[in-house]
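Visitor: Compact mmCIF, C-alpha atoms, saved as final.txt, coming up:
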```
# COMPACT_ATOMS: atom_id res chain seq x y z
CA MET A 1208 17.93 0.80 21.81
CA SER A 1209 18.33 0.90 18.13
CA LEU A 1210 17.22 -1.10 15.13
CA SER A 1211 19.35 -3.89 13.73
CA PRO A 1212 20.14 -4.03 9.99
CA LYS A 1213 17.72 -6.97 9.74
CA GLU A 1214 14.90 -4.93 11.26
CA LEU A 1215 15.63 -2.06 8.89
CA GLU A 1216 15.52 -4.51 6.03
CA TYR A 1217 12.15 -5.73 7.23
CA LEU A 1218 10.84 -2.18 6.98
CA ALA A 1219 12.36 -1.70 3.54
CA GLU A 1220 10.65 -4.88 2.37
CA CYS A 1221 7.28 -3.24 3.07
CA GLU A 1222 7.97 -0.56 0.45
CA PRO A 1223 6.14 -0.90 -2.88
CA VAL A 1224 7.96 -1.78 -6.08
CA GLN A 1225 6.88 -2.38 -9.68
CA ILE A 1226 7.11 -5.85 -11.17
CA VAL A 1227 6.23 -7.50 -14.46
CA SER A 1228 5.06 -11.05 -13.82
CA ASN A 1229 5.11 -13.91 -16.30
CA PHE A 1230 1.98 -15.63 -14.98
CA HIS A 1231 -1.68 -14.98 -14.19
CA MET A 1232 -2.94 -14.42 -10.69
CA LYS A 1233 -6.33 -13.14 -9.53
CA LYS A 1234 -6.60 -10.14 -7.25
CA MET A 1235 -5.32 -11.06 -3.83
CA SER A 1236 -6.42 -9.46 -0.55
CA LEU A 1237 -3.45 -9.28 1.77
CA ILE A 1238 -3.59 -7.72 5.22
CA SER A 1239 -1.37 -4.96 3.91
CA GLY A 1240 -3.72 -4.25 1.00
CA ASP A 1241 -4.99 -5.63 -2.29
CA ILE A 1242 -2.50 -6.92 -4.84
CA GLY A 1243 -3.00 -7.51 -8.52
CA PRO A 1244 -4.50 -8.98 -10.56
CA LEU A 1245 -1.21 -10.05 -12.13
CA ARG A 1246 -1.09 -10.49 -15.88
CA PRO A 1247 1.97 -11.46 -17.89
CA GLY A 1248 3.72 -8.41 -19.29
CA ILE A 1249 1.64 -5.86 -17.41
CA PRO A 1250 3.47 -3.90 -14.68
CA CYS A 1251 1.94 -4.14 -11.21
CA GLN A 1252 2.83 -2.73 -7.82
CA VAL A 1253 3.62 -5.19 -5.02
CA PRO A 1254 5.51 -5.01 -1.72
CA LEU A 1255 9.25 -5.55 -2.08
CA TRP A 1256 9.20 -8.77 -0.02
CA MET A 1257 6.80 -10.32 -2.51
CA ALA A 1258 8.77 -9.06 -5.50
CA VAL A 1259 11.99 -10.56 -4.12
CA ASN A 1260 10.21 -13.85 -3.45
CA LEU A 1261 8.68 -14.02 -6.92
CA SER A 1262 11.89 -13.11 -8.69
CA ARG A 1263 13.74 -15.78 -6.72
CA SER A 1264 11.52 -18.39 -8.35
CA ALA A 1265 11.85 -16.60 -11.71
CA LYS A 1266 8.18 -15.62 -11.82
CA CYS A 1267 8.65 -11.92 -12.32
CA LYS A 1268 11.00 -9.17 -13.36
CA ILE A 1269 11.50 -6.37 -10.88
CA ILE A 1270 11.49 -2.87 -12.32
CA PRO A 1271 14.04 -0.94 -10.25
CA PRO A 1272 12.75 2.38 -8.85
CA ASP A 1273 13.34 5.49 -11.00
CA TRP A 1274 16.03 6.82 -8.73
CA MET A 1275 18.26 3.74 -9.14
CA ASN A 1276 19.80 5.23 -12.22
CA VAL A 1277 23.17 6.84 -12.82
CA ASP A 1278 21.85 10.29 -13.85
CA VAL A 1279 19.54 10.70 -10.89
CA LEU A 1280 22.10 9.41 -8.40
CA GLN A 1281 24.81 11.66 -9.82
CA ARG A 1282 22.52 14.65 -9.34
CA ILE A 1283 21.72 13.57 -5.77
CA LYS A 1284 25.39 13.06 -5.02
CA HIS A 1285 26.21 16.51 -6.36
CA GLU A 1286 23.42 18.15 -4.35
CA GLU A 1287 24.41 16.30 -1.20
CA LYS A 1288 28.04 17.41 -1.57
CA ASN A 1289 27.09 21.05 -2.05
CA SER A 1290 24.38 21.37 0.53
CA PRO A 1291 25.25 22.19 4.14
CA LEU A 1292 22.07 20.37 5.22
CA PHE A 1293 20.90 16.85 4.50
CA THR A 1294 19.03 16.67 1.22
CA HIS A 1295 15.83 14.77 0.66
CA MET A 1296 16.45 11.16 -0.33
CA PRO A 1297 14.24 9.54 -2.98
CA ALA A 1298 13.46 6.66 -0.60
CA GLU A 1299 13.47 6.43 3.18
CA HIS A 1300 15.22 3.06 3.05
CA TYR A 1301 17.41 3.72 0.02
CA MET A 1302 20.37 1.68 1.23
CA ALA A 1303 18.32 -1.35 2.29
CA ILE A 1304 16.27 -1.28 -0.92
CA GLY A 1305 19.51 -1.06 -2.87
CA LYS A 1306 20.99 -4.01 -1.04
CA LEU A 1307 17.89 -6.15 -1.59
CA LEU A 1308 17.65 -5.33 -5.29
CA PHE A 1309 21.38 -5.78 -5.95
CA GLN A 1310 20.94 -9.28 -4.57
CA ALA A 1311 17.60 -10.08 -6.19
CA CYS A 1312 17.97 -8.66 -9.67
CA PRO A 1313 21.42 -7.24 -10.49
CA GLY A 1314 20.67 -7.89 -14.15
CA GLU A 1315 17.65 -5.58 -14.16
CA ILE A 1316 19.59 -2.58 -12.88
CA LYS A 1317 21.24 -0.60 -15.64
CA ASP A 1318 24.93 0.13 -14.91
CA CYS A 1319 24.57 -1.86 -11.73
CA ASP A 1320 28.15 -1.40 -10.51
CA GLU A 1321 28.12 2.33 -11.11
CA VAL A 1322 24.77 2.65 -9.36
CA LYS A 1323 26.20 0.73 -6.41
CA THR A 1324 29.25 2.98 -6.23
CA LEU A 1325 27.17 6.15 -6.46
CA MET A 1326 24.88 5.00 -3.69
CA LYS A 1327 27.85 4.19 -1.50
CA ASP A 1328 29.30 7.64 -2.26
CA ILE A 1329 26.04 9.31 -1.27
CA TRP A 1330 25.92 7.28 1.92
CA ASP A 1331 29.54 8.19 2.75
CA THR A 1332 28.95 11.88 2.08
CA ARG A 1333 25.90 11.88 4.30
CA TYR A 1334 27.59 9.87 7.02
CA ALA A 1335 30.58 12.23 7.08
CA LYS A 1336 28.14 15.14 7.33
CA LEU A 1337 26.33 13.38 10.13
CA ARG A 1338 29.54 12.81 12.07
CA ARG A 1339 30.52 16.45 11.67
CA SER A 1340 27.08 17.61 12.88
CA VAL A 1341 27.22 15.32 15.88
CA LYS A 1342 30.67 16.57 16.78
CA LEU A 1343 29.44 20.14 16.51
CA PHE A 1344 26.38 19.28 18.58
CA LEU A 1345 28.41 17.70 21.36
CA SER A 1346 31.27 20.18 21.48
CA GLN A 1347 29.17 23.21 22.30
CA GLU A 1348 29.71 24.73 25.73
CA GLU A 1349 25.98 24.83 26.40
CA LEU A 1350 24.48 21.65 24.96
CA PRO A 1351 21.65 22.40 22.54
CA LEU A 1352 18.29 21.11 23.72
CA PHE A 1353 17.42 19.72 20.32
CA ALA A 1354 18.52 19.56 16.72
CA GLN A 1355 16.24 19.36 13.75
CA VAL A 1356 17.38 16.61 11.37
CA ASP A 1357 14.88 16.59 8.52
CA HIS A 1358 15.68 14.21 5.67
CA LEU A 1359 17.91 12.03 7.79
CA THR A 1360 16.83 8.47 7.02
CA MET A 1361 16.05 5.81 9.58
CA MET A 1362 19.21 3.83 8.91
CA GLU A 1363 21.34 6.93 9.39
CA MET A 1364 19.58 7.71 12.66
CA CYS A 1365 20.10 4.16 13.82
CA GLN A 1366 23.79 4.33 12.97
CA ILE A 1367 24.35 7.37 15.13
CA ARG A 1368 21.83 6.82 17.93
CA PRO A 1369 23.87 4.51 20.21
CA PHE A 1370 26.92 6.77 20.05
CA LEU A 1371 24.94 9.97 20.52
CA THR A 1372 22.85 8.83 23.48
CA HIS A 1373 25.91 7.32 25.16
CA SER A 1374 27.93 10.51 24.70
CA LEU A 1375 25.14 12.71 26.00
CA GLU A 1376 24.88 10.52 29.06
CA GLN A 1377 28.61 10.78 29.72
CA ILE A 1378 28.58 14.55 29.29
CA TYR A 1379 25.63 14.79 31.64
CA ARG A 1380 27.49 12.75 34.25
CA LEU A 1381 30.64 14.82 33.96
CA LYS A 1382 28.70 18.07 34.24
CA LYS A 1383 26.79 16.81 37.25
CA THR A 1384 30.00 15.77 39.00
CA ALA A 1385 31.58 19.11 38.20
CA SER A 1386 28.64 21.08 39.59
CA LEU A 1387 28.55 18.90 42.70
CA ALA A 1388 32.26 19.47 43.26
CA GLN A 1389 31.78 23.20 42.78
CA ALA A 1390 28.90 23.28 45.25
CA ALA A 1391 30.94 21.37 47.80
CA ASN A 1392 33.83 23.74 47.27
CA GLU A 1393 31.65 26.81 47.79
CA GLU A 1394 30.13 25.31 50.89
CA SER A 1395 33.48 24.66 52.49
CA GLN A 1396 34.58 28.20 51.66
CA ASN A 1397 31.42 29.60 53.26
CA MET A 1398 32.07 27.47 56.30
CA SER A 1399 35.58 28.76 56.66
CA THR A 1400 34.47 32.41 56.43
CA THR A 1401 31.73 31.96 59.03
CA MET A 1402 34.18 30.18 61.29
CA SER A 1403 36.80 32.86 60.96
CA SER A 1404 34.33 35.70 61.39
CA SER A 1405 33.14 34.14 64.61
CA ILE A 1406 36.73 34.18 65.77
CA GLY A 1407 36.81 37.78 64.59
CA HIS A 1408 40.48 37.97 63.79
CA SER A 1409 41.42 39.33 60.42
CA GLN A 1410 44.69 37.50 60.65
CA SER A 1411 43.05 34.14 61.29
CA GLN A 1412 40.61 34.83 58.46
CA GLN A 1413 43.53 35.07 56.11
CA SER A 1414 45.13 31.93 57.35
CA GLN A 1415 41.77 30.13 57.17
CA SER A 1416 41.18 30.96 53.57
CA GLN A 1417 44.73 30.02 52.72
CA ARG A 1418 44.15 26.63 54.17
CA MET B 326 -10.60 0.33 11.29
CA THR B 327 -9.32 -1.85 8.44
CA ALA B 328 -6.78 -4.64 8.99
CA TYR B 329 -4.26 -2.54 7.09
CA GLU B 330 -4.71 0.42 9.43
CA VAL B 331 -4.28 -1.84 12.44
CA LEU B 332 -1.10 -3.24 10.91
CA GLN B 333 0.22 0.28 10.29
CA LYS B 334 -0.50 1.19 13.89
CA LEU B 335 1.27 -1.92 15.14
CA GLN B 336 4.28 -1.22 12.99
CA LYS B 337 4.53 2.34 14.31
CA GLY B 338 4.01 1.08 17.84
CA TRP B 339 6.69 -1.56 17.37
CA LEU B 340 9.20 1.07 16.20
CA ASN B 341 8.37 3.38 19.08
CA GLU B 342 8.59 0.58 21.62
CA LYS B 343 11.94 -0.48 20.16
CA LEU B 344 13.39 3.01 20.33
CA ALA B 345 11.82 4.51 23.47
CA PRO B 346 13.70 4.18 26.76
CA GLU B 347 10.48 3.69 28.76
CA LEU B 348 7.67 1.16 28.56
CA LEU B 349 4.89 2.65 26.43
CA THR B 350 1.14 2.19 26.67
CA PRO B 351 0.41 -1.29 25.33
CA LEU B 352 -1.41 -1.76 22.01
CA THR B 353 -3.55 -4.51 23.51
CA GLU B 354 -6.51 -4.09 21.19
CA GLU B 355 -4.38 -3.89 18.07
CA VAL B 356 -2.41 -7.02 19.01
CA ASP B 357 -5.59 -8.97 19.79
CA CYS B 358 -7.25 -7.79 16.60
CA MET B 359 -4.24 -8.72 14.46
CA MET B 360 -3.89 -12.14 16.09
CA ALA B 361 -7.56 -12.82 15.31
CA GLN B 362 -6.99 -11.62 11.76
CA LEU B 363 -4.04 -14.00 11.35
CA LYS B 364 -6.12 -16.88 12.66
CA SER B 365 -8.98 -16.29 10.25
CA MET B 366 -6.48 -15.80 7.42
CA GLU B 367 -4.83 -19.13 8.17
CA ALA B 368 -8.21 -20.83 8.35
CA SER B 369 -9.15 -19.53 4.91
CA LEU B 370 -5.86 -20.55 3.23
CA PRO B 371 -7.13 -23.95 1.92
CA ARG B 372 -9.90 -22.17 0.03
CA LEU B 373 -7.56 -19.77 -1.77
CA GLU B 374 -6.00 -19.95 -5.20
CA LYS B 375 -2.88 -22.13 -5.01
CA GLU B 376 -0.52 -19.51 -6.40
CA SER B 377 -1.54 -16.90 -3.83
CA VAL B 378 -1.30 -19.19 -0.80
CA ARG B 379 2.43 -18.83 -0.31
CA HIS B 380 2.20 -15.05 -0.45
CA HIS B 381 -0.45 -15.12 2.23
CA GLN B 382 1.71 -17.48 4.26
CA LEU B 383 4.71 -15.23 3.86
CA GLU B 384 2.72 -12.23 4.96
CA ILE B 385 1.36 -14.10 7.97
CA GLU B 386 4.94 -14.94 8.94
CA ARG B 387 5.95 -11.32 8.60
CA VAL B 388 3.08 -10.01 10.72
CA ARG B 389 3.73 -12.68 13.31
CA TYR B 390 7.38 -11.64 13.46
CA LEU B 391 6.31 -8.03 14.02
CA ILE B 392 3.98 -8.92 16.87
CA ALA B 393 6.47 -11.29 18.49
CA SER B 394 9.24 -8.71 18.29
CA TYR B 395 6.93 -6.08 19.76
CA LEU B 396 5.93 -8.28 22.70
CA ARG B 397 9.51 -9.44 23.29
CA THR B 398 10.73 -5.86 23.33
CA ARG B 399 8.18 -5.07 26.03
CA LEU B 400 9.09 -8.12 28.11
CA ALA B 401 12.79 -7.22 27.90
CA LYS B 402 11.98 -3.74 29.22
CA ILE B 403 9.79 -5.15 31.98
CA GLN B 404 12.69 -7.35 33.11
CA LYS B 405 15.18 -4.54 32.89
CA TYR B 406 13.07 -2.01 34.81
CA ALA B 407 11.10 -4.50 36.93
CA TRP B 408 11.42 -2.63 40.21
CA SER B 409 10.56 0.83 38.96
CA ILE B 410 7.68 -0.47 36.88
CA ARG B 411 6.35 -2.21 39.97
CA ASP B 412 6.64 1.04 41.96
CA GLU B 413 4.81 2.92 39.21
CA GLU B 414 2.07 0.32 39.22
CA ILE B 415 1.67 0.68 42.99
CA LYS B 416 1.57 4.50 42.83
CA ARG B 417 -0.83 4.52 39.88
CA GLN B 418 -4.34 5.86 40.53
CA SER B 419 -7.11 3.42 39.69
CA THR B 420 -8.42 5.89 37.09
CA GLU B 421 -5.12 5.91 35.20
CA PRO B 422 -4.65 3.17 32.62
CA SER B 423 -1.94 0.63 33.36
CA LYS B 424 1.24 0.44 31.27
CA LEU B 425 1.01 -3.33 31.54
CA THR B 426 -1.41 -5.76 29.99
CA SER B 427 -2.85 -8.35 32.36
CA GLU B 428 -0.43 -10.97 30.97
CA GLU B 429 2.51 -8.64 31.40
CA ASN B 430 1.41 -7.87 34.94
CA LYS B 431 1.41 -11.57 35.72
CA PHE B 432 4.84 -11.92 34.13
CA LEU B 433 6.20 -9.03 36.20
CA LYS B 434 4.89 -10.51 39.45
CA GLU B 435 6.39 -13.90 38.72
CA TYR B 436 9.64 -12.38 37.59
CA LEU B 437 9.93 -10.30 40.76
CA GLN B 438 9.20 -13.33 42.89
CA VAL B 439 12.09 -15.20 41.30
CA LYS B 440 14.27 -12.11 41.57
CA ARG B 441 13.34 -11.48 45.16
CA ALA B 442 14.57 -14.89 46.25
CA GLU B 443 17.95 -14.05 44.76
CA SER B 444 18.35 -10.49 45.92
CA VAL B 445 17.46 -8.12 48.74
CA ILE B 446 17.03 -4.36 49.03
CA VAL B 447 19.41 -2.78 51.53
CA ASP B 448 18.82 0.77 52.74
CA ASP B 449 20.92 3.12 54.85
CA ALA B 450 19.89 4.14 58.37
CA GLU B 451 17.99 7.28 57.28
CA GLY B 452 16.20 5.49 54.50
CA LYS B 453 17.61 8.01 52.03
CA SER B 454 19.19 5.59 49.63
CA GLU B 455 18.70 1.96 48.95
CA SER B 456 20.28 -0.54 46.67
CA GLN B 457 19.51 -3.98 45.46
CA VAL B 458 22.03 -6.67 46.38
CA ASP B 459 22.14 -9.90 44.41
CA LEU B 460 22.84 -12.98 46.50
CA PRO B 461 24.24 -15.63 44.18
CA VAL B 462 24.50 -19.16 45.58
CA GLY B 463 27.73 -19.68 47.53
CA SER B 464 28.51 -15.98 48.05
CA GLN B 465 29.15 -14.38 51.48
CA PHE B 466 28.18 -10.90 52.66
CA ILE B 467 28.47 -8.56 55.60
CA MET B 468 25.25 -6.60 55.80
CA LYS B 469 22.37 -5.49 57.98
CA TYR B 470 20.24 -8.27 59.40
CA ARG B 471 16.79 -6.83 58.68
CA PRO B 472 16.79 -7.13 54.89
CA VAL B 473 17.75 -10.82 55.02
CA SER B 474 15.75 -11.85 58.09
CA HIS B 475 13.01 -13.42 56.01
CA LEU B 476 15.61 -15.48 54.13
CA VAL B 477 17.14 -16.62 57.44
CA ASN B 478 13.68 -17.60 58.63
CA SER B 479 12.99 -19.57 55.48
CA ASN B 480 16.44 -21.20 55.76
CA ASP B 481 17.45 -19.83 52.36
CA VAL B 482 20.56 -18.16 53.78
CA GLN B 483 23.07 -19.42 56.30
CA LEU B 484 24.59 -17.12 58.88
CA VAL B 485 28.33 -17.67 59.23
```
Would you mind writing the structure in this file as structure tokens?
Guide:
Amino acid sequence: MSLSPKELEYLAECEPVQIVSNFHMKKMSLISGDIGPLRPGIPCQVPLWMAVNLSRSAKCKIIPPDWMNVDVLQRIKHEEKNSPLFTHMPAEHYMAIGKLLFQACPGEIKDCDEVKTLMKDIWDTRYAKLRRSVKLFLSQEELPLFAQVDHLTMMEMCQIRPFLTHSLEQIYRLKKTASLAQAANEESQNMSTTMSSSIGHSQSQQSQSQR
Amino acid sequence: MTAYEVLQKLQKGWLNEKLAPELLTPLTEEVDCMMAQLKSMEASLPRLEKESVRHHQLEIERVRYLIASYLRTRLAKIQKYAWSIRDEEIKRQSTEPSKLTSEENKFLKEYLQVKRAESVIVDDAEGKSESQVDLPVGSQFIMKYRPVSHLVNSNDVQLV
């Protein structure tokens, strides 16, 4: 029960992005809202799936989101490294949006390679943090009932979900077995004391409990 | 409610259905409404500006994918938890809404019928625990007679 990378990409494709088209199109009423009108040279907001499709047939230029820029990403990376908690990401689907735009319009992204590296660094920092938090979560004697994970993005959740739910299930099973074994143990001890007390011999009581 | 709001609701419902371990309350109205919307959209395509047609088509494909994935996710759960969903349906008060749409209910019944022919429920003497035993073709078992009696009667199993 998790989302596949393709499904996450589908969600990312619903996000809005700015484009500059090179053709005229009247206002269009899509199910997901009105688009346009498109005029050459005038920026317009469209869903990412449409932007990717248009740019594939060379009908528009995609304007990368503000945060896909070395300065902003460097600041985010720095904040993420220094914060014990997860910081707020500029976009819920930042990795998927990045992937789609690196494919669709690498030429439009300034310092594309550096941007790519920075985004990967941010992802790695966050993922390492996530692994540490999960380890902490699972290694506590008394399992916490919940953990608040604000600012964790959907892709990050989906990465960790299968492992986390599986581990929790295993821990639950082990604990249940342990408590059952303990209960059985106590029961047999109780039995032996009642048996020996009915015999009423202190000596036999000792030998019973030794057995 | 606008078409956009219905779509938003479906998308949320799709995510929840994908990620929840149990079968959720079906979004019957939303699915029906969106299917009707897609139909009318497709019907109006020939009248639209040529340039915008392919965007409409693309969007229709995307919404259709969402709905199909949503319904498939539910069917997969119904197959996986067929027995317990059936039990819940039996225990359900008539005032409570069903977790299944009428089509899903039909699917579950047919699925269980197929399943039933291939497996039986065996319980212990006190009726405390029971388990489902699959009976693949060609396999042999030692088990109580009662659970398989109907299969002996219908000549679907052979006593050896």
Visitor: For chain A, report every residue with an atom at most 9 Å from chain B (counting only C-alpha atoms), formatted as a list of chain:residue names.
Guide: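 Close to chain B, chain A has A:Met1208, A:Ser1209, A:Leu1210, A:Tyr1217, A:Leu1218, A:Met1232, A:Lys1233, A:Met1235, A:Ser1236, A:Leu1237, A:Ile1238, A:Ser1239, A:Gly1240, A:Trp1256, A:Met1257, A:Asn1260.
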Visitor: Would you mind exporting the chosen residues as an mmCIF file, in the coordinates of the input, restricted to C-alpha atoms?
Guide:
```cif
data_model
loop_
_atom_site.group_PDB
_atom_site.id
_atom_site.type_symbol
_atom_site.label_atom_id
_atom_site.label_comp_id
_atom_site.auth_asym_id
_atom_site.auth_seq_id
_atom_site.Cartn_x
_atom_site.Cartn_y
_atom_site.Cartn_z
ATOM 1 C CA MET A 1208 17.930 0.800 21.810
ATOM 2 C CA SER A 1209 18.330 0.900 18.130
ATOM 3 C CA LEU A 1210 17.220 -1.100 15.130
ATOM 4 C CA TYR A 1217 12.150 -5.730 7.230
ATOM 5 C CA LEU A 1218 10.840 -2.180 6.980
ATOM 6 C CA MET A 1232 -2.940 -14.420 -10.690
ATOM 7 C CA LYS A 1233 -6.330 -13.140 -9.530
ATOM 8 C CA MET A 1235 -5.320 -11.060 -3.830
ATOM 9 C CA SER A 1236 -6.420 -9.460 -0.550
ATOM 10 C CA LEU A 1237 -3.450 -9.280 1.770
ATOM 11 C CA ILE A 1238 -3.590 -7.720 5.220
ATOM 12 C CA SER A 1239 -1.370 -4.960 3.910
ATOM 13 C CA GLY A 1240 -3.720 -4.250 1.000
ATOM 14 C CA TRP A 1256 9.200 -8.770 -0.020
ATOM 15 C CA MET A 1257 6.800 -10.320 -2.510
ATOM 16 C CA ASN A 1260 10.210 -13.850 -3.450
#
```
Visitor: Could you list, as an MDAnalysis selection string, every residue within 12 Å of Glu347 (chain B), counting all atoms listed in the file and ignoring same-chain residues fewer than 5 positions away?
Guide: (chainID A and resid 1208) or (chainID B and resid 341:342 398:403 405:407 409:410 413 424)
Visitor: Calculate how many Å separate CA of Glu451 (chain B) from CA of Trp408 (chain B), rounding to one decimal.
Guide: 20.8 Å
Visitor: When you draw a straight line from CA of His1285 (chain A) to CA of Met1326 (chain A), how long is it in Å?
Guide: 11.9 Å
Visitor: Which distance in Å separates CA of Pro1297 (chain A) and CA of Ser1264 (chain A), to one decimal?
Guide: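 Answer for the CA of Pro1297 (chain A) to CA of Ser1264 (chain A) separation: 28.6 Å.
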Visitor: Using the incomplete input, complete region 339-360 of chain B to the level of N, CA and C atoms; output as a short mmCIF file (atom, residue, chain, number, x, y, z; two decimals), in the coordinates of the input.
Guide:
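File part.cif, as written:
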```
data_model
loop_
_atom_site.label_atom_id
_atom_site.label_comp_id
_atom_site.auth_asym_id
_atom_site.auth_seq_id
_atom_site.Cartn_x
_atom_site.Cartn_y
_atom_site.Cartn_z
N TRP B 339 5.51 -0.69 17.24
CA TRP B 339 6.69 -1.56 17.37
C TRP B 339 7.97 -0.71 17.32
N LEU B 340 8.03 0.21 16.33
CA LEU B 340 9.20 1.07 16.20
C LEU B 340 9.38 1.93 17.45
N ASN B 341 8.27 2.53 17.90
CA ASN B 341 8.37 3.38 19.08
C ASN B 341 8.80 2.59 20.31
N GLU B 342 8.24 1.40 20.47
CA GLU B 342 8.59 0.58 21.62
C GLU B 342 10.06 0.19 21.56
N LYS B 343 10.54 -0.10 20.36
CA LYS B 343 11.94 -0.48 20.16
C LYS B 343 12.87 0.67 20.54
N LEU B 344 12.46 1.89 20.21
CA LEU B 344 13.39 3.01 20.33
C LEU B 344 13.18 3.85 21.58
N ALA B 345 12.06 3.71 22.27
CA ALA B 345 11.82 4.51 23.47
C ALA B 345 12.51 3.89 24.67
N PRO B 346 13.04 4.74 25.57
CA PRO B 346 13.70 4.18 26.76
C PRO B 346 12.70 3.66 27.80
N GLU B 347 11.45 4.12 27.74
CA GLU B 347 10.48 3.69 28.76
C GLU B 347 9.47 2.72 28.14
N LEU B 348 8.74 2.05 29.02
CA LEU B 348 7.67 1.16 28.56
C LEU B 348 6.48 2.02 28.14
N LEU B 349 5.99 1.82 26.92
CA LEU B 349 4.89 2.65 26.43
C LEU B 349 3.53 1.98 26.71
N THR B 350 2.48 2.75 26.50
CA THR B 350 1.14 2.19 26.67
C THR B 350 0.95 1.03 25.70
N PRO B 351 0.49 -0.11 26.20
CA PRO B 351 0.41 -1.29 25.33
C PRO B 351 -0.67 -1.17 24.26
N LEU B 352 -0.42 -1.76 23.10
CA LEU B 352 -1.41 -1.76 22.01
C LEU B 352 -2.22 -3.05 22.10
N THR B 353 -2.85 -3.24 23.25
CA THR B 353 -3.55 -4.51 23.51
C THR B 353 -4.58 -4.83 22.44
N GLU B 354 -5.44 -3.84 22.16
CA GLU B 354 -6.51 -4.09 21.19
C GLU B 354 -5.96 -4.43 19.82
N GLU B 355 -4.96 -3.68 19.40
CA GLU B 355 -4.38 -3.89 18.07
C GLU B 355 -3.77 -5.29 17.97
N VAL B 356 -3.04 -5.70 19.03
CA VAL B 356 -2.41 -7.02 19.01
C VAL B 356 -3.49 -8.10 18.94
N ASP B 357 -4.51 -7.98 19.79
CA ASP B 357 -5.59 -8.97 19.79
C ASP B 357 -6.27 -9.05 18.43
N CYS B 358 -6.56 -7.87 17.89
CA CYS B 358 -7.25 -7.79 16.60
C CYS B 358 -6.42 -8.45 15.51
N MET B 359 -5.10 -8.17 15.51
CA MET B 359 -4.24 -8.72 14.46
C MET B 359 -4.08 -10.22 14.62
N MET B 360 -4.00 -10.69 15.87
CA MET B 360 -3.89 -12.14 16.09
C MET B 360 -5.14 -12.85 15.56
#
```
